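Content type compact mmCIF, C-alpha atoms, from the file entry23.txt:
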```
# COMPACT_ATOMS: atom_id res chain seq x y z
CA MET A 1 143.05 120.72 19.98
CA ALA A 2 141.54 120.18 23.41
CA THR A 3 140.30 116.84 22.15
CA ALA A 4 143.83 115.86 21.17
CA ILE A 5 145.13 116.75 24.63
CA ALA A 6 142.31 114.73 26.17
CA ILE A 7 143.34 111.73 24.06
CA ALA A 8 146.82 112.02 25.52
CA ARG A 9 145.51 112.24 29.08
CA VAL A 10 142.75 109.66 29.27
CA LYS A 11 143.85 106.25 30.58
CA ASP A 12 140.75 104.42 29.43
CA LEU A 13 141.48 103.37 25.87
CA PHE A 14 137.79 103.07 25.04
CA ALA A 15 137.28 106.75 25.87
CA SER A 16 140.27 107.75 23.80
CA VAL A 17 138.96 105.83 20.79
CA MET A 18 135.73 107.79 21.06
CA LEU A 19 137.75 110.99 21.34
CA THR A 20 139.69 110.17 18.16
CA GLY A 21 136.33 109.91 16.41
CA ILE A 22 135.35 113.36 17.63
CA TYR A 23 138.79 114.68 16.72
CA SER A 24 138.35 113.38 13.16
CA LEU A 25 134.97 115.06 12.79
CA LEU A 26 136.44 118.33 14.08
CA SER A 27 139.31 118.17 11.62
CA ALA A 28 136.76 117.51 8.87
CA VAL A 29 135.16 120.82 9.87
CA PHE A 30 138.61 122.45 9.61
CA PHE A 31 138.92 121.10 6.08
CA VAL A 32 135.54 122.50 5.05
CA LEU A 33 136.54 125.90 6.42
CA MET A 34 139.68 125.74 4.30
CA ASP A 35 137.68 124.92 1.14
CA ALA A 36 138.72 121.27 0.94
CA VAL A 37 135.26 119.70 0.72
CA ASP A 38 136.47 116.44 -0.85
CA VAL A 39 139.04 115.97 1.88
CA ALA A 40 136.52 116.75 4.62
CA PHE A 41 134.18 114.18 3.13
CA THR A 42 136.87 111.51 3.22
CA GLU A 43 138.07 112.40 6.71
CA ALA A 44 134.54 112.30 8.12
CA SER A 45 133.74 108.90 6.63
CA VAL A 46 137.16 107.34 7.30
CA GLY A 47 138.17 108.90 10.61
CA ALA A 48 134.84 108.94 12.37
CA GLY A 49 133.57 105.70 10.85
CA ILE A 50 135.96 102.97 9.79
CA SER A 51 138.96 103.77 11.96
CA THR A 52 136.87 104.02 15.13
CA ILE A 53 135.37 100.59 14.44
CA LEU A 54 138.78 99.04 13.76
CA MET A 55 140.26 100.54 16.95
CA LEU A 56 137.30 99.25 18.95
CA SER A 57 137.64 95.73 17.59
CA THR A 58 141.34 95.80 18.44
CA LEU A 59 140.45 96.83 21.97
CA THR A 60 138.03 93.93 22.30
CA LEU A 61 140.98 91.70 21.50
CA THR A 62 143.62 93.35 23.62
CA GLY A 63 141.95 94.89 26.65
CA GLN A 64 140.60 98.28 27.51
CA TYR A 65 143.04 99.84 29.96
CA GLU A 66 146.62 100.88 29.56
CA ASP A 67 149.31 100.57 32.17
CA PRO A 68 149.84 104.06 33.61
CA THR A 69 153.01 103.29 35.54
CA ARG A 70 155.38 103.08 32.66
CA HIS A 71 155.14 106.55 31.16
CA LYS A 72 158.36 108.38 30.42
CA THR A 73 156.49 111.67 30.71
CA ARG A 74 159.23 114.07 31.73
CA THR A 75 161.82 113.22 29.06
CA ALA A 76 159.12 113.09 26.42
CA LEU A 77 157.81 116.50 27.44
CA VAL A 78 161.27 118.05 27.15
CA VAL A 79 161.87 116.50 23.72
CA VAL A 80 158.45 117.62 22.50
CA LEU A 81 158.81 121.18 23.79
CA VAL A 82 162.25 121.62 22.24
CA THR A 83 161.14 120.21 18.88
CA GLY A 84 157.98 122.32 18.97
CA ALA A 85 159.91 125.50 19.76
CA LEU A 86 162.32 124.83 16.89
CA LEU A 87 159.45 124.19 14.50
CA ILE A 88 157.68 127.40 15.53
CA PHE A 89 160.94 129.27 15.00
CA GLY A 90 161.04 127.71 11.53
CA THR A 91 157.57 128.96 10.58
CA ALA A 92 158.79 132.57 10.58
CA ASP A 93 159.99 131.99 7.01
CA MET A 94 156.76 130.37 5.86
CA PRO A 95 154.33 132.24 3.61
CA ARG A 96 151.34 133.97 5.14
CA PHE A 97 148.08 132.04 5.50
CA GLY A 98 145.77 132.57 2.52
CA ASP A 99 148.37 134.47 0.50
CA PRO A 100 147.69 133.94 -3.25
CA GLN A 101 151.33 134.71 -4.20
CA THR A 102 153.02 131.80 -2.41
CA PRO A 103 155.05 129.16 -4.29
CA VAL A 104 152.22 126.69 -3.62
CA GLN A 105 149.77 128.83 -5.57
CA THR A 106 151.99 129.93 -8.43
CA HIS A 107 153.27 126.59 -9.74
CA VAL A 108 150.88 124.07 -11.37
CA GLY A 109 147.78 125.02 -9.37
CA PRO A 110 146.65 127.86 -11.69
CA HIS A 111 147.10 125.61 -14.73
CA TYR A 112 144.68 123.08 -13.26
CA LEU A 113 142.16 125.77 -12.41
CA GLU A 114 142.32 127.57 -15.78
CA LYS A 115 142.82 124.74 -18.24
CA SER A 116 141.17 121.69 -16.73
CA TYR A 117 137.67 122.62 -17.86
CA GLU A 118 138.84 122.94 -21.49
CA GLU A 119 140.97 119.81 -21.38
CA ILE A 120 138.78 117.48 -19.33
CA HIS A 121 135.40 119.17 -19.05
CA VAL A 122 134.84 118.14 -15.45
CA PRO A 123 133.77 120.90 -13.05
CA ASN A 124 135.27 119.35 -9.91
CA VAL A 125 138.96 120.14 -10.35
CA VAL A 126 139.91 117.79 -7.51
CA THR A 127 138.47 114.87 -9.47
CA SER A 128 140.22 115.79 -12.69
CA VAL A 129 143.59 116.23 -10.98
CA LEU A 130 143.12 113.04 -8.98
CA ALA A 131 142.06 110.77 -11.81
CA SER A 132 143.66 112.36 -14.83
CA TYR A 133 146.63 114.69 -14.28
CA ARG A 134 147.92 112.67 -11.37
CA GLY A 135 146.39 109.35 -12.43
CA PHE A 136 149.65 107.48 -12.04
CA ASP A 137 149.99 108.67 -8.46
CA THR A 138 146.46 107.57 -7.64
CA PHE A 139 147.17 104.19 -9.21
CA GLY A 140 150.10 103.80 -6.86
CA GLU A 141 147.92 104.67 -3.88
CA THR A 142 145.27 102.16 -4.91
CA VAL A 143 147.96 99.51 -5.04
CA VAL A 144 149.15 100.55 -1.56
CA ILE A 145 145.62 100.08 -0.20
CA PHE A 146 145.40 96.70 -1.91
CA ALA A 147 148.78 95.71 -0.43
CA ALA A 148 147.71 96.82 3.06
CA GLY A 149 144.57 94.71 2.66
CA ILE A 150 146.68 91.69 1.76
CA GLY A 151 148.92 92.42 4.73
CA VAL A 152 146.01 92.45 7.18
CA LEU A 153 144.64 89.26 5.65
CA SER A 154 147.92 87.43 5.94
CA LEU A 155 148.38 88.60 9.55
CA LEU A 156 144.89 87.86 10.81
CA GLY A 157 143.48 85.65 8.07
CA PHE A 158 140.17 83.90 8.21
CA SER A 159 140.03 81.20 10.80
CA GLY A 160 138.57 77.86 9.71
CA ARG A 161 134.88 78.47 9.26
CA LYS A 162 132.96 76.68 11.98
CA GLU A 163 129.23 76.88 11.36
CA LYS A 164 127.54 78.09 14.48
CA THR A 165 123.82 78.43 14.93
CA THR A 166 124.03 80.92 17.77
CA ILE A 167 124.39 84.61 17.11
CA SER A 168 128.07 85.45 17.13
CA VAL A 169 129.62 88.12 19.30
CA SER A 170 130.40 90.19 16.24
CA ALA A 171 126.71 91.12 16.26
CA PRO A 172 126.71 93.03 19.54
CA MET A 173 123.72 95.11 18.54
CA TYR A 174 121.45 92.18 17.70
CA GLN A 175 119.58 92.35 20.98
CA HIS A 176 118.55 95.95 20.41
CA ARG A 177 115.38 95.86 18.39
CA ILE A 178 115.30 99.60 17.72
CA LEU A 179 118.83 99.60 16.33
CA ARG A 180 117.99 96.63 14.14
CA VAL A 181 114.89 98.25 12.66
CA VAL A 182 116.50 101.66 12.17
CA GLY A 183 119.60 100.02 10.71
CA LYS A 184 117.53 98.05 8.24
CA VAL A 185 115.86 101.25 7.06
CA LEU A 186 119.17 103.12 6.84
CA ILE A 187 121.27 100.60 4.95
CA PRO A 188 119.64 100.95 1.49
CA PRO A 189 119.88 104.77 1.47
CA ILE A 190 123.53 104.52 2.56
CA LEU A 191 124.27 102.14 -0.31
CA LEU A 192 122.42 104.40 -2.73
CA PHE A 193 124.27 107.43 -1.41
CA ALA A 194 127.57 105.63 -1.93
CA LEU A 195 126.67 105.03 -5.58
CA TYR A 196 125.66 108.69 -5.95
CA VAL A 197 129.00 109.79 -4.47
CA GLN A 198 130.80 107.37 -6.80
CA PHE A 199 129.25 108.59 -10.04
CA HIS A 200 128.65 112.22 -9.12
CA GLY A 201 132.31 112.85 -8.25
CA ASP A 202 132.79 114.75 -11.52
CA PHE A 203 130.36 117.47 -10.55
CA GLY A 204 130.43 117.72 -6.78
CA PRO A 205 132.62 116.50 -3.97
CA GLY A 206 132.97 112.75 -4.14
CA GLY A 207 134.70 109.96 -6.01
CA GLY A 208 135.96 106.42 -5.67
CA PHE A 209 137.75 106.79 -2.35
CA GLN A 210 134.82 108.28 -0.46
CA ALA A 211 132.22 106.06 -2.12
CA GLY A 212 134.24 102.95 -1.33
CA VAL A 213 134.44 103.83 2.34
CA ILE A 214 130.72 104.67 2.57
CA PHE A 215 129.75 101.46 0.77
CA ALA A 216 131.91 99.43 3.10
CA ALA A 217 130.43 101.25 6.09
CA ALA A 218 126.94 100.13 5.07
CA ILE A 219 128.04 96.50 4.90
CA ILE A 220 129.90 96.78 8.21
CA LEU A 221 126.74 98.20 9.77
CA TYR A 222 124.80 95.21 8.45
CA THR A 223 127.38 92.83 9.89
CA MET A 224 127.24 94.49 13.29
CA LEU A 225 123.46 94.27 13.34
CA PHE A 226 122.91 90.77 12.03
CA GLY A 227 126.17 88.94 12.66
CA ARG A 228 129.00 87.70 10.52
CA GLN A 229 127.20 84.57 9.35
CA ALA A 230 124.25 86.54 7.99
CA ALA A 231 126.58 88.96 6.24
CA GLU A 232 128.61 86.15 4.71
CA GLU A 233 125.42 84.83 3.16
CA VAL A 234 124.85 88.19 1.48
CA ILE A 235 128.39 88.76 0.29
CA LYS A 236 130.72 85.90 -0.50
CA LEU A 237 134.09 86.68 1.02
CA SER A 238 135.99 84.89 -1.72
CA TRP A 239 134.25 87.24 -4.16
CA VAL A 240 135.21 90.26 -2.12
CA ARG A 241 138.80 89.07 -2.14
CA LEU A 242 138.60 88.76 -5.90
CA LEU A 243 136.99 92.19 -6.21
CA ALA A 244 139.87 93.86 -4.36
CA ALA A 245 142.15 92.64 -7.11
CA VAL A 246 139.64 93.40 -9.87
CA GLY A 247 139.56 97.07 -8.87
CA VAL A 248 143.33 97.44 -9.18
CA MET A 249 143.26 95.47 -12.42
CA LEU A 250 140.52 97.70 -13.88
CA TYR A 251 142.64 100.76 -13.12
CA GLY A 252 145.75 99.16 -14.55
CA SER A 253 144.08 97.89 -17.70
CA VAL A 254 142.73 101.37 -18.49
CA GLY A 255 146.38 102.37 -18.53
CA LEU A 256 147.32 99.39 -20.66
CA ILE A 257 144.62 100.16 -23.24
CA SER A 258 146.09 103.58 -23.80
CA PHE A 259 149.50 101.89 -24.02
CA LEU A 260 148.26 99.53 -26.72
CA ASN A 261 146.77 102.44 -28.65
CA GLY A 262 150.18 104.06 -28.87
CA LYS A 263 149.68 106.67 -26.17
CA ASN A 264 151.28 107.12 -22.76
CA PHE A 265 150.23 104.97 -19.79
CA LEU A 266 146.88 106.30 -18.47
CA ASP A 267 146.52 108.79 -21.34
CA TYR A 268 142.73 108.70 -21.57
CA SER A 269 142.52 110.42 -24.96
CA ALA A 270 143.16 106.97 -26.44
CA LEU A 271 139.82 105.68 -25.12
CA ALA A 272 137.47 107.56 -27.45
CA ALA A 273 137.50 109.40 -30.77
CA ASP A 274 137.87 112.85 -29.23
CA ALA A 275 140.10 113.63 -26.29
CA VAL A 276 137.47 115.15 -23.98
CA SER A 277 135.05 112.21 -24.00
CA GLY A 278 138.03 109.89 -23.69
CA GLN A 279 138.88 111.73 -20.50
CA HIS A 280 135.32 111.20 -19.27
CA TYR A 281 135.45 107.44 -19.87
CA GLY A 282 138.88 107.22 -18.33
CA ILE A 283 137.93 109.08 -15.15
CA LEU A 284 134.74 107.05 -14.79
CA LEU A 285 136.55 103.70 -15.13
CA VAL A 286 139.45 104.67 -12.95
CA GLU A 287 137.21 105.98 -10.17
CA LEU A 288 135.20 102.77 -10.42
CA GLY A 289 138.38 100.76 -10.01
CA VAL A 290 139.37 102.81 -6.96
CA GLY A 291 135.89 102.47 -5.50
CA ILE A 292 135.82 98.69 -5.92
CA THR A 293 139.25 98.21 -4.37
CA VAL A 294 138.59 100.51 -1.42
CA THR A 295 135.23 98.87 -0.67
CA ALA A 296 136.62 95.36 -0.90
CA VAL A 297 139.71 96.08 1.20
CA MET A 298 137.74 97.83 3.94
CA ILE A 299 135.24 94.95 4.12
CA LEU A 300 138.04 92.38 4.20
CA VAL A 301 139.90 94.23 6.93
CA PHE A 302 136.77 94.50 9.04
CA PHE A 303 135.91 90.85 8.55
CA SER A 304 139.35 89.66 9.54
CA PHE A 305 139.15 91.68 12.75
CA ALA A 306 135.61 90.44 13.44
CA GLY A 307 136.75 86.87 12.74
CA ARG A 308 139.44 87.22 15.39
CA VAL A 309 136.94 88.57 17.90
CA ASP A 310 134.65 85.60 17.25
CA LYS A 311 137.52 83.16 17.58
CA LYS A 312 138.58 84.64 20.90
CA ALA A 313 135.02 84.43 22.20
CA GLU A 314 134.85 80.76 21.19
CA GLU A 315 138.07 80.03 23.02
CA ASN A 316 136.78 81.71 26.14
CA GLU A 317 133.60 79.68 26.19
CA MET B 1 151.59 140.82 12.17
CA ILE B 2 153.08 137.39 12.49
CA LEU B 3 150.51 136.06 14.98
CA SER B 4 147.50 136.42 12.72
CA SER B 5 149.22 135.31 9.51
CA HIS B 6 150.99 132.20 10.82
CA PHE B 7 148.49 130.80 13.31
CA ASN B 8 147.70 127.88 11.00
CA TYR B 9 151.28 126.59 11.27
CA TRP B 10 151.20 126.94 15.02
CA ILE B 11 148.01 124.92 15.33
CA VAL B 12 149.62 122.27 13.15
CA ILE B 13 152.77 122.25 15.28
CA VAL B 14 150.84 121.98 18.54
CA LEU B 15 148.78 119.07 17.19
CA MET B 16 151.89 117.43 15.76
CA MET B 17 153.70 117.71 19.09
CA ILE B 18 150.72 116.23 20.98
CA GLY B 19 150.81 113.27 18.60
CA PHE B 20 154.57 112.98 18.95
CA PHE B 21 154.29 113.14 22.74
CA ILE B 22 151.79 110.28 22.78
CA VAL B 23 154.01 108.18 20.54
CA ILE B 24 157.16 108.55 22.63
CA SER B 25 155.73 108.69 26.14
CA HIS B 26 153.10 105.96 26.16
CA GLY B 27 153.92 102.29 26.24
CA ASN B 28 150.57 101.02 25.00
CA LEU B 29 150.77 100.12 21.33
CA VAL B 30 147.14 101.08 20.52
CA LYS B 31 147.71 104.46 22.14
CA LYS B 32 150.86 104.89 20.07
CA LEU B 33 148.85 104.30 16.90
CA MET B 34 146.34 106.93 18.04
CA GLY B 35 149.19 109.37 18.56
CA LEU B 36 150.47 108.54 15.12
CA SER B 37 147.08 109.30 13.59
CA ILE B 38 146.92 112.67 15.38
CA PHE B 39 150.37 113.41 13.97
CA GLN B 40 149.12 112.37 10.54
CA THR B 41 146.07 114.62 10.72
CA SER B 42 148.26 117.58 11.66
CA VAL B 43 150.24 117.04 8.45
CA PHE B 44 146.95 116.93 6.52
CA ILE B 45 145.92 120.25 8.04
CA LEU B 46 149.32 121.72 7.12
CA TYR B 47 148.88 120.78 3.46
CA ILE B 48 145.29 121.95 3.23
CA SER B 49 146.05 125.25 4.96
CA MET B 50 148.85 125.94 2.47
CA GLY B 51 146.42 125.45 -0.41
CA LYS B 52 143.91 127.92 1.00
CA VAL B 53 143.59 131.23 -0.85
CA ALA B 54 142.06 134.14 1.05
CA GLY B 55 138.58 134.82 -0.31
CA GLY B 56 138.66 131.64 -2.40
CA THR B 57 136.09 128.88 -2.55
CA ALA B 58 136.14 125.11 -3.02
CA PRO B 59 137.73 124.13 -6.36
CA ILE B 60 134.54 123.11 -8.15
CA LEU B 61 134.33 125.30 -11.20
CA ASP B 62 131.28 127.52 -11.51
CA GLU B 63 130.63 130.77 -13.30
CA ALA B 64 129.58 132.51 -10.12
CA TYR B 65 133.11 132.33 -8.64
CA SER B 66 136.52 133.35 -9.85
CA VAL B 67 138.86 132.68 -6.90
CA TYR B 68 139.43 129.05 -5.95
CA SER B 69 141.70 127.36 -3.44
CA ASN B 70 144.47 125.19 -4.82
CA PRO B 71 143.13 121.71 -5.70
CA LEU B 72 146.50 119.94 -5.68
CA PRO B 73 146.95 119.64 -1.87
CA HIS B 74 143.36 118.41 -1.67
CA VAL B 75 144.11 115.56 -4.06
CA LEU B 76 147.28 114.58 -2.22
CA ILE B 77 145.58 114.56 1.18
CA LEU B 78 142.40 112.85 -0.03
CA THR B 79 144.38 109.82 -1.11
CA ALA B 80 146.67 110.07 1.92
CA ILE B 81 143.71 109.74 4.29
CA VAL B 82 142.55 106.50 2.72
CA VAL B 83 146.09 105.14 2.55
CA GLY B 84 146.46 106.23 6.18
CA ILE B 85 143.51 104.15 7.32
CA ALA B 86 144.81 101.17 5.35
CA THR B 87 148.20 101.42 7.06
CA THR B 88 146.58 102.00 10.48
CA ALA B 89 144.57 98.82 9.92
CA LEU B 90 147.81 97.01 9.17
CA GLY B 91 149.30 98.41 12.38
CA LEU B 92 146.29 97.32 14.42
CA ALA B 93 146.51 93.86 12.90
CA LEU B 94 150.14 93.68 14.02
CA VAL B 95 149.09 94.79 17.51
CA VAL B 96 146.52 91.99 17.63
CA ARG B 97 149.15 89.45 16.64
CA ILE B 98 151.62 90.84 19.19
CA ASN B 99 148.94 90.51 21.84
CA GLU B 100 148.41 86.89 20.86
CA ALA B 101 152.11 86.12 20.99
CA TYR B 102 153.03 88.00 24.18
CA GLY B 103 149.69 88.39 25.99
CA SER B 104 150.34 92.10 26.36
CA ILE B 105 150.45 95.28 24.29
CA GLU B 106 152.58 97.28 26.73
CA GLU B 107 155.98 97.98 25.24
CA GLY B 108 157.74 97.40 28.58
CA ASP B 109 156.16 93.98 29.13
CA ILE B 110 157.14 92.86 25.66
CA GLU B 111 160.75 93.94 26.11
CA MET B 112 160.91 92.19 29.49
CA GLN B 113 159.64 88.96 27.96
CA ASP B 114 162.20 89.20 25.17
CA CYS B 115 165.00 89.79 27.71
CA ASP B 116 163.88 86.83 29.84
CA LYS B 117 163.90 84.63 26.79
CA LEU B 118 167.41 85.74 25.84
CA ASP B 119 168.64 85.15 29.39
CA LYS B 120 167.27 81.64 29.39
CA GLU B 121 168.92 80.88 26.07
CA ASN B 122 172.25 82.19 27.35
CA ALA B 123 171.91 80.18 30.54
CA ASN B 124 171.35 77.03 28.51
CA LYS B 125 174.60 77.58 26.65
```

Spit out the file's structure as structure tokens when you get a sec.
Amino acid sequence: MATAIAIARVKDLFASVMLTGIYSLLSAVFFVLMDAVDVAFTEASVGAGISTILMLSTLTLTGQYEDPTRHKTRTALVVVLVTGALLIFGTADMPRFGDPQTPVQTHVGPHYLEKSYEEIHVPNVVTSVLASYRGFDTFGETVVIFAAGIGVLSLLGFSGRKEKTTISVSAPMYQHRILRVVGKVLIPPILLFALYVQFHGDFGPGGGFQAGVIFAAAIILYTMLFGRQAAEEVIKLSWVRLLAAVGVMLYGSVGLISFLNGKNFLDYSALAADAVSGQHYGILLVELGVGITVTAVMILVFFSFAGRVDKKAEENE
Amino acid sequence: MILSSHFNYWIVIVLMMIGFFIVISHGNLVKKLMGLSIFQTSVFILYISMGKVAGGTAPILDEAYSVYSNPLPHVLILTAIVVGIATTALGLALVVRINEAYGSIEEGDIEMQDCDKLDKENANK
């Protein structure tokens, strides 16, 4: 909470970006304390990793300091205090923290916990709810991520590719030999870990969303160390763009297959002879689809920001 | 005792209000997005804290445990975090474009420029 207040106070935007990273890590700790390991995993990799990098690249483009003269502090404070007081008054009717008898705990939650092992045979209940019971919901969210990726691309786009022999500014860490060597050693284990998270999501915390973000983080790290040109030689951006769509399509076509077999959309029991192994195939494919889309979109978003930074540097030269 | 049983909501409300304060009081668009993400995280904490069961453990089934926290809020928030970063990225992209068009990301500057433009157009008529 102190971190959040500090974010509000600090005028230097660079410092506040760093503070948001710390804030994300702290909230990940909150989530672990409240038993949400999957959520903590995602928050740590997204909040402390990707979002910090994106905020920093925006700052490179827009400038580091904010204008302190224009704050409407007093009115805002009054509005905030009144709203806060009303909200706290409202919590008097809320159920107690940790109470097992609240409406939240007595609706569908117990069904998932008691029946999911029989029906789906996956120990991590979060994965089975995510990919199977609420598969349609997750499909929608994957499409939202895909759409946001398209949005960023159409706003920032890739500028016409000018081949430059010099090291671009998007490789700010190139001069540091230690970072380069350590980074080179770290990248393969990160990629491997992402794959482990992807395919081990049935048994422990993990799944497509987290794996996608970690995988993208490895590639972003490579880009920051060796420059955009080097990274574009490793991964073709047109392929990545295609992959973003392939992930959504994989998810959707799993649904269509069950359609064509006379079952409901995303009813995985249509995928194999018996329902339980059908569920396994379904969850595996769907998580793979999510993972591919998330990875591709995160890489694309990062590259379009980095492309802008490069372009700006060229104009300044 | 209401203090010990509702403190989770109060933490959420304080965080939410800090986020809200940043959004309405600061003119810098990047700062506004940061405020928005603090607000967002407070909602995440609200959901997760409602799913917590006293004495429960993480919802990964194992014979050694019998009390688990509710997995449903976890699923909702897990996806919401990733969707959140995707939308934040979209917001930041818009900020970058605004900066290119106006040369500023301070709300006041942008409004001033818009007003000047309107005045000029009216003067021409």

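Here CA of Val17 in chain A and CA of Thr41 in chain B stand 15.1 Å from one another.
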
From (132.0, 105.2, 7.8), in the file's coordinates, out to 7 Å: which residues are reached, counting only C-alpha atoms? Answer as a PyMOL selection string.
chain A and resi 45-46+48-50+213-214+217

Filtering to C-alpha atoms, could you give me those residues as a PDB file, in the frame of the given file?
```pdb
ATOM      1  CA  SER A  45     133.740 108.900   6.630  1.00  0.00           C
ATOM      2  CA  VAL A  46     137.160 107.340   7.300  1.00  0.00           C
ATOM      3  CA  ALA A  48     134.840 108.940  12.370  1.00  0.00           C
ATOM      4  CA  GLY A  49     133.570 105.700  10.850  1.00  0.00           C
ATOM      5  CA  ILE A  50     135.960 102.970   9.790  1.00  0.00           C
ATOM      6  CA  VAL A 213     134.440 103.830   2.340  1.00  0.00           C
ATOM      7  CA  ILE A 214     130.720 104.670   2.570  1.00  0.00           C
ATOM      8  CA  ALA A 217     130.430 101.250   6.090  1.00  0.00           C
TER       9      ALA A 217
END
```

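Among A:Ser253, A:Ser57, A:Thr73, A:Gln64, the residue with the shortest atom-to-atom distance to Asp12 in chain A, counting all atoms listed in the file, is A:Gln64.
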
Interatomic distance, CA of Phe89 in chain A to CA of Ser5 in chain B (Å, one decimal)
14.3 Å

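Here CA of Gly47 in chain A and CA of Val301 in chain A stand 15.2 Å from one another.
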